[in-house]
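Shown next: coords_9.cif, given as mmCIF, C-alpha atoms.
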data_upload
loop_
_atom_site.label_atom_id
_atom_site.label_comp_id
_atom_site.auth_asym_id
_atom_site.auth_seq_id
_atom_site.Cartn_x
_atom_site.Cartn_y
_atom_site.Cartn_z
CA MET A 771 12.91 66.91 14.81
CA LYS A 772 9.54 67.74 13.26
CA ILE A 773 7.36 64.97 11.82
CA SER A 774 6.00 65.77 8.37
CA ARG A 775 2.26 65.87 7.73
CA LEU A 776 2.62 62.96 5.32
CA ARG A 777 4.24 60.81 7.97
CA ILE A 778 1.55 61.73 10.52
CA THR A 779 -1.11 60.82 7.98
CA LEU A 780 0.53 57.46 7.31
CA LEU A 781 0.84 56.72 11.03
CA LEU A 782 -2.83 57.56 11.60
CA LEU A 783 -3.85 55.44 8.62
CA LEU A 784 -1.83 52.50 9.93
CA LEU A 785 -3.44 52.93 13.35
CA PHE A 786 -6.95 52.92 11.88
CA ILE A 787 -6.11 49.80 9.86
CA GLN A 788 -4.88 47.98 12.96
CA LEU A 789 -7.69 49.07 15.27
CA PRO A 790 -10.32 46.64 13.90
CA PHE A 791 -7.92 43.74 14.39
CA LEU A 792 -7.06 44.89 17.90
CA ASN A 793 -10.74 45.28 18.76
CA ALA A 794 -11.56 41.92 17.19
CA SER A 795 -8.87 40.27 19.28
CA ALA A 796 -10.20 41.80 22.48
CA ASP A 797 -13.82 41.03 21.58
CA ILE A 798 -13.41 37.40 20.62
CA GLU A 799 -11.12 36.62 23.53
CA LYS A 800 -13.62 38.22 25.89
CA PHE A 801 -16.42 36.16 24.33
CA LEU A 802 -14.47 32.90 24.56
CA LYS A 803 -13.96 33.49 28.27
CA GLU A 804 -17.74 33.56 28.69
CA LEU A 805 -18.15 30.06 27.22
CA PRO A 806 -17.69 26.70 29.00
CA LEU A 807 -14.25 26.14 27.48
CA LYS A 808 -10.89 24.79 28.58
CA ASN A 809 -7.46 24.48 26.98
CA ILE A 810 -7.80 27.56 24.75
CA GLN A 811 -4.82 27.57 22.39
CA VAL A 812 -3.95 30.28 19.89
CA LEU A 813 -2.92 28.80 16.54
CA GLU A 814 -0.88 30.40 13.78
CA LYS A 815 -2.87 32.79 11.61
CA GLU A 816 -3.75 31.60 8.13
CA SER A 817 -5.01 33.30 4.96
CA PHE A 818 -7.78 35.80 5.67
CA TYR A 819 -8.32 34.88 9.33
CA SER A 820 -7.21 37.30 12.02
CA HIS A 821 -7.43 34.71 14.81
CA ILE A 822 -7.53 30.91 15.01
CA TYR A 823 -8.13 29.00 18.24
CA GLU A 824 -8.27 25.39 19.33
CA VAL A 825 -10.59 24.92 22.31
CA MET A 826 -12.42 22.24 24.26
CA PHE A 827 -16.17 22.94 24.56
CA LEU A 828 -18.16 21.41 27.42
CA GLN A 829 -21.06 19.18 26.33
CA PRO A 830 -23.50 16.97 28.25
CA LEU A 831 -22.96 13.26 27.73
CA ASP A 832 -26.75 12.91 27.45
CA HIS A 833 -28.49 16.08 26.30
CA ALA A 834 -31.80 14.75 27.61
CA HIS A 835 -30.29 14.28 31.08
CA PRO A 836 -27.34 16.65 31.61
CA GLU A 837 -26.94 15.41 35.16
CA LYS A 838 -25.53 12.10 33.84
CA GLY A 839 -22.15 13.59 33.08
CA SER A 840 -20.23 15.57 30.48
CA PHE A 841 -17.28 15.59 28.13
CA TYR A 842 -15.27 18.21 26.25
CA GLN A 843 -15.60 18.50 22.46
CA ARG A 844 -12.67 19.79 20.42
CA LEU A 845 -13.36 22.84 18.25
CA TYR A 846 -11.23 24.93 15.90
CA ILE A 847 -12.47 28.51 15.68
CA SER A 848 -11.33 30.66 12.76
CA HIS A 849 -12.34 34.29 13.12
CA ALA A 850 -12.83 36.74 10.26
CA ASP A 851 -15.66 39.13 11.19
CA ILE A 852 -18.70 38.82 13.46
CA SER A 853 -21.13 39.99 10.76
CA LEU A 854 -19.97 37.48 8.12
CA PRO A 855 -21.47 33.98 7.74
CA THR A 856 -20.09 31.17 9.86
CA VAL A 857 -19.36 27.70 8.47
CA LEU A 858 -19.71 24.83 10.94
CA VAL A 859 -17.71 21.83 9.73
CA THR A 860 -19.41 18.76 11.17
CA GLU A 861 -16.62 16.22 11.27
CA GLY A 862 -17.70 12.60 11.29
CA TYR A 863 -14.55 11.40 13.01
CA SER A 864 -11.64 12.98 14.85
CA ALA A 865 -10.37 16.45 13.97
CA GLY A 866 -6.68 16.36 14.70
CA TYR A 867 -5.74 19.43 12.70
CA TYR A 868 -7.05 22.75 11.40
CA TYR A 869 -7.92 23.45 7.76
CA THR A 870 -10.09 25.86 5.78
CA SER A 871 -13.15 24.26 4.19
CA GLU A 872 -14.21 25.09 0.64
CA PRO A 873 -17.38 26.98 1.67
CA ALA A 874 -15.40 29.11 4.13
CA ALA A 875 -12.75 29.80 1.49
CA ILE A 876 -15.38 30.75 -1.09
CA LEU A 877 -17.12 33.16 1.29
CA ARG A 878 -13.95 34.21 3.18
CA CYS A 879 -15.97 33.92 6.38
CA ASN A 880 -15.78 32.54 9.89
CA GLN A 881 -15.41 28.82 10.48
CA ILE A 882 -15.80 26.34 13.35
CA ILE A 883 -14.60 22.75 13.00
CA ALA A 884 -16.33 20.39 15.43
CA GLU A 885 -14.82 17.01 16.22
CA HIS A 886 -17.45 14.26 16.48
CA ARG A 887 -18.30 12.96 19.93
CA TYR A 888 -16.48 9.75 20.94
CA PHE A 889 -13.64 10.45 18.48
CA GLY A 890 -10.17 11.94 18.95
CA GLU A 891 -10.04 14.15 22.04
CA SER A 892 -13.85 14.43 22.29
CA VAL A 893 -14.40 11.48 24.59
CA ALA A 894 -15.74 10.98 28.09
CA ASP A 895 -13.79 9.26 30.86
CA SER A 896 -15.70 6.02 30.21
CA THR A 897 -17.38 4.82 27.02
CA GLN A 898 -21.14 4.59 27.35
CA TRP A 899 -22.26 3.52 23.90
CA GLU A 900 -25.94 4.33 24.38
CA TYR A 901 -25.11 8.05 24.11
CA LEU A 902 -23.47 7.72 20.70
CA THR A 903 -26.53 8.49 18.57
CA SER A 904 -27.36 10.78 15.68
CA TRP A 905 -29.61 12.86 17.93
CA GLN A 906 -26.92 13.33 20.58
CA SER A 907 -24.32 14.44 18.01
CA ALA A 908 -26.85 16.70 16.26
CA THR A 909 -27.62 18.29 19.61
CA ASP A 910 -23.88 18.81 20.18
CA HIS A 911 -23.86 20.93 17.03
CA HIS A 912 -27.09 22.65 18.00
CA GLU A 913 -25.49 23.70 21.29
CA ILE A 914 -22.40 24.99 19.48
CA ILE A 915 -24.53 27.11 17.16
CA GLN A 916 -26.63 28.42 20.03
CA ALA A 917 -23.52 29.43 21.95
CA PHE A 918 -21.60 31.07 19.10
CA SER A 919 -24.65 32.80 17.59
CA ARG A 920 -24.40 35.22 20.49
CA PHE A 921 -21.17 36.46 18.92
CA TYR A 922 -21.44 35.69 15.22
CA THR A 923 -24.51 37.51 13.93
CA GLY A 924 -24.38 36.41 10.27
CA LYS A 925 -25.88 33.42 8.49
CA TRP A 926 -24.83 29.83 9.27
CA ILE A 927 -23.68 27.02 6.97
CA THR A 928 -22.98 23.39 7.81
CA THR A 929 -20.69 21.21 5.72
CA GLY A 930 -18.97 17.87 6.08
CA ILE A 931 -17.29 15.15 4.05
CA SER A 932 -18.51 11.54 3.89
CA LYS A 933 -19.62 10.68 7.45
CA GLY A 934 -19.22 14.37 8.21
CA GLY A 935 -21.74 15.04 5.44
CA GLN A 936 -24.10 12.49 7.00
CA THR A 937 -23.62 14.32 10.29
CA ALA A 938 -24.67 17.60 8.65
CA MET A 939 -27.77 15.85 7.28
CA TYR A 940 -28.71 14.52 10.71
CA HIS A 941 -28.24 17.93 12.28
CA SER A 942 -30.61 19.57 9.81
CA PHE A 943 -33.15 16.77 10.25
CA TYR A 944 -33.29 17.25 14.01
CA TYR A 945 -32.79 21.05 14.00
CA PRO A 946 -34.05 22.37 10.63
CA ASP A 947 -34.01 26.01 11.73
CA ASP A 948 -30.41 26.12 12.94
CA VAL A 949 -28.61 26.94 9.70
CA ASP A 950 -29.29 28.58 6.34
CA VAL A 951 -27.28 26.39 3.93
CA LYS A 952 -26.12 22.77 4.12
CA ILE A 953 -23.31 21.39 1.90
CA PRO A 954 -22.66 17.65 2.41
CA TYR A 955 -19.91 16.09 0.31
CA VAL A 956 -20.05 12.43 -0.88
CA ALA A 957 -22.51 11.59 1.90
CA PRO A 958 -24.39 8.28 1.63
CA LEU A 959 -27.91 7.71 2.90
CA ASN A 960 -27.91 4.01 3.74
CA LYS A 961 -31.13 2.22 4.58
CA GLU A 962 -29.77 -1.19 5.61
CA VAL A 963 -26.97 -2.52 7.78
CA GLU A 964 -25.47 -4.11 4.67
CA GLU A 965 -26.64 -2.10 1.66
CA GLU A 966 -27.48 -4.32 -1.30
CA ARG A 967 -27.51 -1.30 -3.61
CA ILE A 968 -23.72 -1.44 -3.39
CA TYR A 969 -23.69 -4.76 -5.28
CA ASP A 970 -25.83 -3.34 -8.10
CA PHE A 971 -23.56 -0.31 -8.36
CA LEU A 972 -20.40 -2.44 -8.60
CA ASP A 973 -22.04 -4.43 -11.40
CA GLN A 974 -22.63 -1.28 -13.46
CA VAL A 975 -19.95 1.33 -12.67
CA GLY A 976 -17.29 2.16 -15.22
CA SER A 977 -16.68 -0.02 -18.25
CA ARG A 978 -17.53 -3.69 -18.56
CA GLU A 979 -13.92 -4.45 -19.40
CA CYS A 980 -12.65 -2.74 -16.24
CA ARG A 981 -15.20 -4.50 -14.01
CA ARG A 982 -14.19 -7.86 -15.46
CA LYS A 983 -10.50 -7.10 -14.91
CA ILE A 984 -11.18 -6.22 -11.25
CA ARG A 985 -13.12 -9.46 -10.71
CA ARG A 986 -10.40 -11.55 -12.38
CA PHE A 987 -7.80 -9.95 -10.12
CA GLN A 988 -9.83 -10.70 -7.00
CA LYS A 989 -10.35 -14.33 -8.01
CA TYR A 990 -6.66 -14.71 -8.86
CA ALA A 991 -5.62 -13.31 -5.47
CA LEU A 992 -7.93 -15.69 -3.61
CA LYS A 993 -6.88 -18.69 -5.69
CA HIS A 994 -3.16 -18.02 -5.09
CA GLN A 995 -3.26 -17.21 -1.39
CA GLU A 996 -0.37 -19.55 -0.66
CA GLN A 997 1.91 -17.40 -2.82
CA LEU A 998 0.49 -14.01 -1.77
CA VAL A 999 -0.15 -14.31 1.98
CA PRO A 1000 3.59 -14.51 2.86
CA ALA A 1001 4.14 -11.20 1.04
CA PHE A 1002 1.04 -9.79 2.75
CA ARG A 1003 2.42 -10.94 6.12
CA GLU A 1004 5.83 -9.40 5.47
CA PHE A 1005 4.28 -6.10 4.37
CA SER A 1006 2.01 -6.03 7.45
CA GLU A 1007 4.81 -6.79 9.87
CA ARG A 1008 6.88 -4.00 8.35
CA LYS A 1009 3.97 -1.59 8.90
CA GLY A 1010 3.20 -2.95 12.37
CA TYR A 1011 -0.29 -4.19 11.43
CA THR A 1012 -1.93 -6.99 13.41
CA TYR A 1013 -5.29 -8.57 12.55
CA THR A 1014 -6.54 -10.33 15.67
CA LEU A 1015 -10.01 -8.75 15.53
CA ALA A 1016 -10.45 -9.57 11.83
CA GLY A 1017 -9.66 -13.22 12.53
CA GLY A 1018 -5.95 -13.48 11.83
CA ILE A 1019 -3.61 -12.85 8.92
CA GLU A 1020 -5.33 -15.22 6.46
CA ALA A 1021 -8.81 -13.82 7.13
CA ALA A 1022 -7.49 -10.26 6.90
CA PHE A 1023 -6.00 -11.05 3.51
CA GLU A 1024 -9.33 -12.32 2.23
CA TYR A 1025 -11.12 -9.25 3.59
CA CYS A 1026 -8.63 -7.04 1.74
CA VAL A 1027 -9.33 -8.91 -1.50
CA LEU A 1028 -13.09 -8.51 -0.97
CA GLU A 1029 -12.62 -4.80 -0.22
CA TYR A 1030 -10.62 -4.29 -3.41
CA SER A 1031 -13.56 -3.66 -5.79
CA PHE A 1032 -15.33 -1.29 -3.38
CA ALA A 1033 -12.16 0.71 -2.69
CA PHE A 1034 -11.07 0.73 -6.35
CA TRP A 1035 -14.07 2.81 -7.36
CA GLN A 1036 -14.42 4.69 -4.10
CA TRP A 1037 -10.99 6.28 -4.09
CA GLY A 1038 -9.78 6.08 -7.69
CA TYR A 1039 -6.17 5.62 -6.63
CA ALA A 1040 -5.43 3.20 -9.48
CA SER A 1041 -6.39 2.82 -13.13
CA CYS A 1042 -7.68 -0.31 -14.80
CA SER A 1043 -4.52 -0.49 -16.87
CA GLY A 1044 -2.51 -0.60 -13.64
CA ILE A 1045 -4.18 -3.72 -12.23
CA PRO A 1046 -1.46 -6.40 -11.95
CA GLY A 1047 -1.65 -9.87 -13.46
CA LYS A 1048 -0.26 -13.34 -12.89
CA ARG A 1049 3.16 -12.35 -14.26
CA ASP A 1050 3.71 -9.78 -11.52
CA ALA A 1051 5.66 -10.67 -8.39
CA PRO A 1052 3.73 -11.25 -5.12
CA GLU A 1053 5.37 -8.18 -3.60
CA GLU A 1054 4.13 -6.01 -6.48
CA ILE A 1055 0.61 -7.40 -6.19
CA ILE A 1056 0.53 -6.78 -2.45
CA SER A 1057 1.84 -3.25 -2.86
CA HIS A 1058 -0.88 -2.55 -5.42
CA MET A 1059 -3.59 -4.03 -3.19
CA ASN A 1060 -2.52 -1.83 -0.32
CA LYS A 1061 -2.54 1.25 -2.55
CA VAL A 1062 -6.12 0.50 -3.60
CA ALA A 1063 -7.72 -1.01 -0.51
CA GLY A 1064 -5.47 0.02 2.39
CA PHE A 1065 -4.54 -2.90 4.63
CA ASP A 1066 -4.72 -0.73 7.74
CA TYR A 1067 -8.52 -0.74 7.34
CA PHE A 1068 -8.58 -4.26 8.83
CA ALA A 1069 -5.75 -3.77 11.31
CA ASP A 1070 -6.47 -3.89 15.04
CA GLU A 1071 -5.23 -0.35 15.71
CA PHE A 1072 -7.55 1.13 13.07
CA ILE A 1073 -10.57 -0.89 14.20
CA ILE A 1074 -10.11 0.11 17.84
CA GLU A 1075 -9.73 3.79 16.90
CA TYR A 1076 -12.79 3.70 14.64
CA GLN A 1077 -14.96 1.42 16.76
CA PRO A 1078 -17.36 4.32 17.45
CA PHE A 1079 -17.94 4.54 13.68
CA PHE A 1080 -18.73 0.84 13.34
CA TYR A 1081 -21.09 1.12 16.31
CA GLN A 1082 -22.96 3.97 14.59
CA ALA A 1083 -23.04 2.08 11.29
CA TYR A 1084 -24.63 -0.96 12.90
CA THR A 1085 -27.11 0.92 15.07
CA GLU A 1086 -28.35 3.79 12.85
CA MET A 1087 -26.31 4.77 9.81
CA GLY A 1088 -26.04 1.48 7.93
CA TYR A 1089 -23.01 0.29 5.98
CA TYR A 1090 -22.07 -2.31 3.38
CA GLY A 1091 -20.92 -5.89 3.14
CA TYR A 1092 -19.40 -8.31 0.65
CA ASP A 1093 -20.99 -10.68 -1.84
CA LEU A 1094 -19.37 -13.90 -0.60
CA GLU A 1095 -21.37 -16.22 -2.84
CA SER A 1096 -19.84 -14.84 -6.03
CA PHE A 1097 -16.41 -16.13 -4.96
CA GLY A 1098 -17.58 -19.68 -4.29
CA HIS A 1099 -15.10 -21.90 -2.47
CA SER A 1100 -12.18 -19.49 -2.97
CA LEU A 1101 -12.87 -18.00 0.47
CA LYS A 1102 -11.38 -20.23 3.15
CA HIS A 1103 -11.50 -17.97 6.22
CA VAL A 1104 -14.12 -15.22 5.83
CA LYS A 1105 -17.65 -16.32 6.74
CA ASP A 1106 -19.24 -13.02 7.81
CA PRO A 1107 -20.05 -10.69 4.88
CA GLY A 1108 -20.07 -7.63 7.15
CA PHE A 1109 -17.96 -5.88 9.78
CA ARG A 1110 -19.37 -7.32 12.99
CA PHE A 1111 -15.85 -8.23 14.08
CA ALA A 1112 -15.22 -4.48 14.44
CA LEU A 1113 -18.04 -3.88 16.94
CA PRO A 1114 -17.41 -3.38 20.67
CA ALA A 1115 -17.61 -6.61 22.62
CA ASP A 1116 -20.34 -7.28 25.19
CA THR A 1117 -22.52 -4.48 23.81
CA GLU A 1118 -26.06 -4.90 22.54
CA ILE A 1119 -26.24 -3.88 18.89
CA VAL A 1120 -29.68 -3.27 17.36
CA PHE A 1121 -30.13 -1.51 14.03
CA ASP A 1122 -32.84 1.16 13.93
CA GLY A 1123 -33.65 1.74 10.26
CA SER A 1124 -36.54 4.10 11.02
CA ILE A 1125 -34.21 7.08 11.43
CA GLN A 1126 -32.83 6.70 7.91
CA LYS A 1127 -36.34 6.42 6.49
CA LYS A 1128 -37.41 9.59 8.29
CA LEU A 1129 -34.28 11.40 7.07
CA ASP A 1130 -35.01 10.24 3.52
CA ALA A 1131 -38.59 11.55 3.73
CA TYR A 1132 -37.37 14.84 5.20
CA LEU A 1133 -34.93 15.39 2.31
CA LYS A 1134 -37.59 14.62 -0.29
CA ASN A 1135 -40.42 16.66 1.18
CA GLU A 1136 -39.23 19.31 3.64
CA ALA A 1137 -35.54 20.05 3.33
CA GLU A 1138 -34.35 23.39 1.99
CA HIS A 1139 -31.04 24.83 0.86
CA PHE A 1140 -29.06 21.58 0.67
CA ILE A 1141 -26.27 21.36 -1.90
CA PHE A 1142 -25.05 17.77 -2.32
CA ILE A 1143 -21.72 17.00 -4.01
CA TYR A 1144 -20.98 13.47 -5.30
CA GLY A 1145 -18.47 11.61 -7.46
CA GLU A 1146 -20.03 9.56 -10.25
CA TYR A 1147 -17.69 6.56 -9.79
CA ASP A 1148 -17.58 6.75 -5.99
CA THR A 1149 -19.03 3.51 -4.61
CA TRP A 1150 -20.89 5.51 -1.97
CA SER A 1151 -22.86 7.16 -4.77
CA ALA A 1152 -24.80 3.88 -4.81
CA THR A 1153 -26.64 5.18 -1.76
CA ALA A 1154 -26.62 8.88 -2.60
CA VAL A 1155 -29.65 10.96 -1.59
CA ASP A 1156 -32.68 10.87 -3.84
CA LEU A 1157 -34.44 14.24 -3.67
CA GLN A 1158 -37.19 13.19 -6.12
CA GLY A 1159 -37.38 16.66 -7.59
CA ASN A 1160 -37.28 18.68 -4.35
CA PRO A 1161 -36.88 22.16 -5.91
CA SER A 1162 -35.39 23.65 -2.74
CA CYS A 1163 -32.22 21.53 -2.86
CA ALA A 1164 -29.62 20.60 -5.49
CA VAL A 1165 -27.33 17.67 -6.31
CA PHE A 1166 -24.10 17.88 -8.34
CA TYR A 1167 -22.10 14.94 -9.71
CA ASN A 1168 -18.47 15.05 -10.73
CA GLU A 1169 -18.19 12.98 -13.91
CA LYS A 1170 -16.11 9.86 -13.19
CA GLY A 1171 -15.29 11.42 -9.83
CA SER A 1172 -14.33 9.49 -6.69
CA HIS A 1173 -14.91 9.90 -2.95
CA ARG A 1174 -12.29 12.65 -3.12
CA THR A 1175 -14.68 14.86 -5.13
CA ARG A 1176 -14.91 18.47 -4.01
CA ILE A 1177 -16.39 21.63 -5.53
CA ARG A 1178 -13.04 22.37 -7.16
CA ASN A 1179 -13.24 19.03 -9.05
CA LEU A 1180 -16.52 19.90 -10.75
CA GLU A 1181 -16.70 21.31 -14.26
CA PRO A 1182 -16.22 25.12 -14.27
CA GLU A 1183 -19.89 25.66 -15.13
CA GLN A 1184 -20.95 23.45 -12.22
CA GLN A 1185 -18.55 25.22 -9.86
CA GLU A 1186 -20.13 28.54 -10.77
CA LYS A 1187 -23.61 27.11 -10.21
CA VAL A 1188 -22.63 25.88 -6.75
CA ARG A 1189 -21.18 29.25 -5.78
CA SER A 1190 -24.26 31.05 -7.11
CA LEU A 1191 -26.55 28.70 -5.19
CA ILE A 1192 -24.67 29.30 -1.95
CA ILE A 1193 -25.11 33.06 -2.35
CA ARG A 1194 -28.75 32.70 -3.39
CA TYR A 1195 -29.60 30.40 -0.50
CA LEU A 1196 -27.92 32.78 1.94
CA ASP A 1197 -29.89 35.69 0.53
CA GLU A 1198 -33.15 33.75 0.81
#
Would you kindly transcribe this structure into structure tokens?
Amino acid sequence: MKISRLRITLLLLLLFIQLPFLNASADIEKFLKELPLKNIQVLEKESFYSHIYEVMFLQPLDHAHPEKGSFYQRLYISHADISLPTVLVTEGYSAGYYYTSEPAAILRCNQIIAEHRYFGESVADSTQWEYLTSWQSATDHHEIIQAFSRFYTGKWITTGISKGGQTAMYHSFYYPDDVDVKIPYVAPLNKEVEEERIYDFLDQVGSRECRRKIRRFQKYALKHQEQLVPAFREFSERKGYTYTLAGGIEAAFEYCVLEYSFAFWQWGYASCSGIPGKRDAPEEIISHMNKVAGFDYFADEFIIEYQPFFYQAYTEMGYYGYDLESFGHSLKHVKDPGFRFALPADTEIVFDGSIQKKLDAYLKNEAEHFIFIYGEYDTWSATAVDLQGNPSCAVFYNEKGSHRTRIRNLEPEQQEKVRSLIIRYLDE
């Protein structure tokens, strides 16, 4: 049987369409074999990506002394085209799953998600805390960029959310020539172990009526602990939460009450009209508190998993505490305004505030092509970056936005400005 010319043409066209994908598959797999990787897994294709991989990338434990040991860092590699830009997502914690970041979706380009050292699967055989520093993690990302730049020839972008955004800031501070555009989301720049600017923010955010209602709720919860703690205990037992590190069930309850105002504005999971009152049942009050503040935050399992974060907060990054004095004698169990109970035992903890000051000066005077995204009502906006008119960077605020603010949450005009800036910065 003869094949018509039309069918031959269609077969040839289909072949030519498939060839780039076949070549891309061969090329990227060949390149990956040249890297110090293990456990290369092919993931299901998604959206515009032709290939997605999960790999473990070999890193020195101490970049200044590679002979001291190594660990493998988890990466997710999403391949589109070698000539397109590449977005490096600098996770601040573990990276247990793949997703497409906003910058990568906007540009339809390559993406690499990097799990932070000492989190998730990216851990050494033994924990040596002295190697968990901003410079070590920034150098992890520098090594990733150096390795993958041999394959991806386009521009580079870093982005991260919250602590991931801080991680992107650190990377640019230590390696300012590595990438072309930096997009941190809701990233604080703390200057103290327990940031007092948080207290000022909580005294001014939102409406006066809402702030008063939050404070009344906190004082009510502390005053009626005898009625509420049993419901808190029952809820925690049902969830499997224990609070040994926080000081026991009663102390954990007080910590959750103290956390309430911070978390209320940070996450925006509840409205002022939804704050319960004295007529509500203890079970309803406890359910509401968990929705706002999240009891797992003070649970042993969470603290152990996130101990590397608390170590970083108390050695370099800074954090926040609670204003205990404003609650007078209502607090019966909490004496420490901070989170020192979450730090690793038998480990010397010394805060070095000089790094934050240097980072602050860098952002004001030297940084280029940063696009910062914040939520107006997010408590972490209390310690947002202050560029002091640096014309080479930009800051966008989502009106009444929370810590969940993304580019898609901005006003349409702001969204367009962000997209235009990304393109302009890449062109520059």
Dump as an mmCIF file with C-alpha atoms, keeping the file's coordinate frame all residues having an atom at most 7 Å from (-20.7, 7.7, -3.2), computed in the file's coordinates with only C-alpha atoms.
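Dumped everything to point_0.cif:
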data_model
loop_
_atom_site.group_PDB
_atom_site.id
_atom_site.type_symbol
_atom_site.label_atom_id
_atom_site.label_comp_id
_atom_site.auth_asym_id
_atom_site.auth_seq_id
_atom_site.Cartn_x
_atom_site.Cartn_y
_atom_site.Cartn_z
ATOM 1 C CA VAL A 956 -20.050 12.430 -0.880
ATOM 2 C CA ALA A 957 -22.510 11.590 1.900
ATOM 3 C CA PRO A 958 -24.390 8.280 1.630
ATOM 4 C CA TYR A 1144 -20.980 13.470 -5.300
ATOM 5 C CA GLY A 1145 -18.470 11.610 -7.460
ATOM 6 C CA ASP A 1148 -17.580 6.750 -5.990
ATOM 7 C CA THR A 1149 -19.030 3.510 -4.610
ATOM 8 C CA TRP A 1150 -20.890 5.510 -1.970
ATOM 9 C CA SER A 1151 -22.860 7.160 -4.770
ATOM 10 C CA ALA A 1152 -24.800 3.880 -4.810
ATOM 11 C CA THR A 1153 -26.640 5.180 -1.760
ATOM 12 C CA ALA A 1154 -26.620 8.880 -2.600
ATOM 13 C CA HIS A 1173 -14.910 9.900 -2.950
#
Separation of CA of Ser1172 in chain A from CA of Gly866 in chain A in Å
23.7 Å
Among the residues A:Tyr819, A:Tyr1090, A:Phe1140, A:Phe827, the one that comes closest to Glu966 in chain A [using only C-alpha atoms]:
A:Tyr1090
For the structure provided, state which residues fall under the PyMOL selection byres ((chain A and resi 1113-1122) around 12), and present them as an MDAnalysis selection string.
chainID A and resid 897:900 903:904 960:964 1015:1016 1070 1073:1089 1108:1112 1123:1128
If we count only C-alpha atoms and set the cut-off at 12 Å, which residues sit around Ile883 in chain A, ignoring sequence neighbours fewer than 4 positions away in its own chain? Please answer as a ChimeraX atom specification.
/A:822-827,843-849,856-871,874,911,914-915,927-930,934
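If only C-alpha atoms are the atoms counted, then among A:Thr909, A:Ser1100, A:Ala1001, A:Tyr944 the closest residue to Asn1060 in chain A is A:Ala1001.
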Nearest to Gln906 in chain A by atom-to-atom distance, counting all atoms listed in the file, from A:Lys952, A:His835, A:Lys800, A:Arg978:
A:His835
Grab the CA of Cys1042 in chain A to CA of Pro954 in chain A distance for me, in Å with one decimal place.
29.0 Å
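Take the candidates A:Trp926, A:Lys989, A:Ala1131, A:Trp1037 and check each one against Thr1175 in chain A using all atoms listed in the file; the shortest distance goes to A:Trp1037.
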Can you translate the PyMOL selection byres ((chain A and resi 916) around 12) into the concrete residues it hits in this file, as a PDB file with C-alpha atoms, in the coordinates of the input?
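Done, and the output landed in expr-v7.pdb:
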ATOM      1  CA  LEU A 805     -18.150  30.060  27.220  1.00  0.00           C
ATOM      2  CA  LEU A 858     -19.710  24.830  10.940  1.00  0.00           C
ATOM      3  CA  THR A 909     -27.620  18.290  19.610  1.00  0.00           C
ATOM      4  CA  ASP A 910     -23.880  18.810  20.180  1.00  0.00           C
ATOM      5  CA  HIS A 911     -23.860  20.930  17.030  1.00  0.00           C
ATOM      6  CA  HIS A 912     -27.090  22.650  18.000  1.00  0.00           C
ATOM      7  CA  GLU A 913     -25.490  23.700  21.290  1.00  0.00           C
ATOM      8  CA  ILE A 914     -22.400  24.990  19.480  1.00  0.00           C
ATOM      9  CA  ILE A 915     -24.530  27.110  17.160  1.00  0.00           C
ATOM     10  CA  ALA A 917     -23.520  29.430  21.950  1.00  0.00           C
ATOM     11  CA  PHE A 918     -21.600  31.070  19.100  1.00  0.00           C
ATOM     12  CA  SER A 919     -24.650  32.800  17.590  1.00  0.00           C
ATOM     13  CA  ARG A 920     -24.400  35.220  20.490  1.00  0.00           C
ATOM     14  CA  PHE A 921     -21.170  36.460  18.920  1.00  0.00           C
ATOM     15  CA  TYR A 922     -21.440  35.690  15.220  1.00  0.00           C
ATOM     16  CA  THR A 923     -24.510  37.510  13.930  1.00  0.00           C
ATOM     17  CA  TRP A 926     -24.830  29.830   9.270  1.00  0.00           C
ATOM     18  CA  TYR A 945     -32.790  21.050  14.000  1.00  0.00           C
ATOM     19  CA  ASP A 947     -34.010  26.010  11.730  1.00  0.00           C
ATOM     20  CA  ASP A 948     -30.410  26.120  12.940  1.00  0.00           C
ATOM     21  CA  VAL A 949     -28.610  26.940   9.700  1.00  0.00           C
TER      22      VAL A 949
END
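Between Val1027 in chain A and the candidates A:Ile1045, A:Leu998, A:Ala991, A:Ile931, the tightest atom-to-atom separation, counting all atoms listed in the file, involves A:Ala991.
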Carefully work through the PyMOL selection byres ((chain A and resi 833) around 10) for this structure and note down the residues it includes, as a CSV table (one decimal) with C-alpha atoms, in the frame of the given file.
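In the end it all went to result_5.csv:
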chain,number,residue,atom,x,y,z
A,829,GLN,CA,-21.1,19.2,26.3
A,830,PRO,CA,-23.5,17.0,28.2
A,831,LEU,CA,-23.0,13.3,27.7
A,832,ASP,CA,-26.8,12.9,27.4
A,834,ALA,CA,-31.8,14.8,27.6
A,835,HIS,CA,-30.3,14.3,31.1
A,836,PRO,CA,-27.3,16.6,31.6
A,837,GLU,CA,-26.9,15.4,35.2
A,838,LYS,CA,-25.5,12.1,33.8
A,839,GLY,CA,-22.2,13.6,33.1
A,840,SER,CA,-20.2,15.6,30.5
A,901,TYR,CA,-25.1,8.0,24.1
A,905,TRP,CA,-29.6,12.9,17.9
A,906,GLN,CA,-26.9,13.3,20.6
A,907,SER,CA,-24.3,14.4,18.0
A,909,THR,CA,-27.6,18.3,19.6
A,910,ASP,CA,-23.9,18.8,20.2
A,913,GLU,CA,-25.5,23.7,21.3
For CA of Tyr1025 in chain A and CA of Glu1004 in chain A, quote the distance in Å rounded to one decimal.
17.1 Å
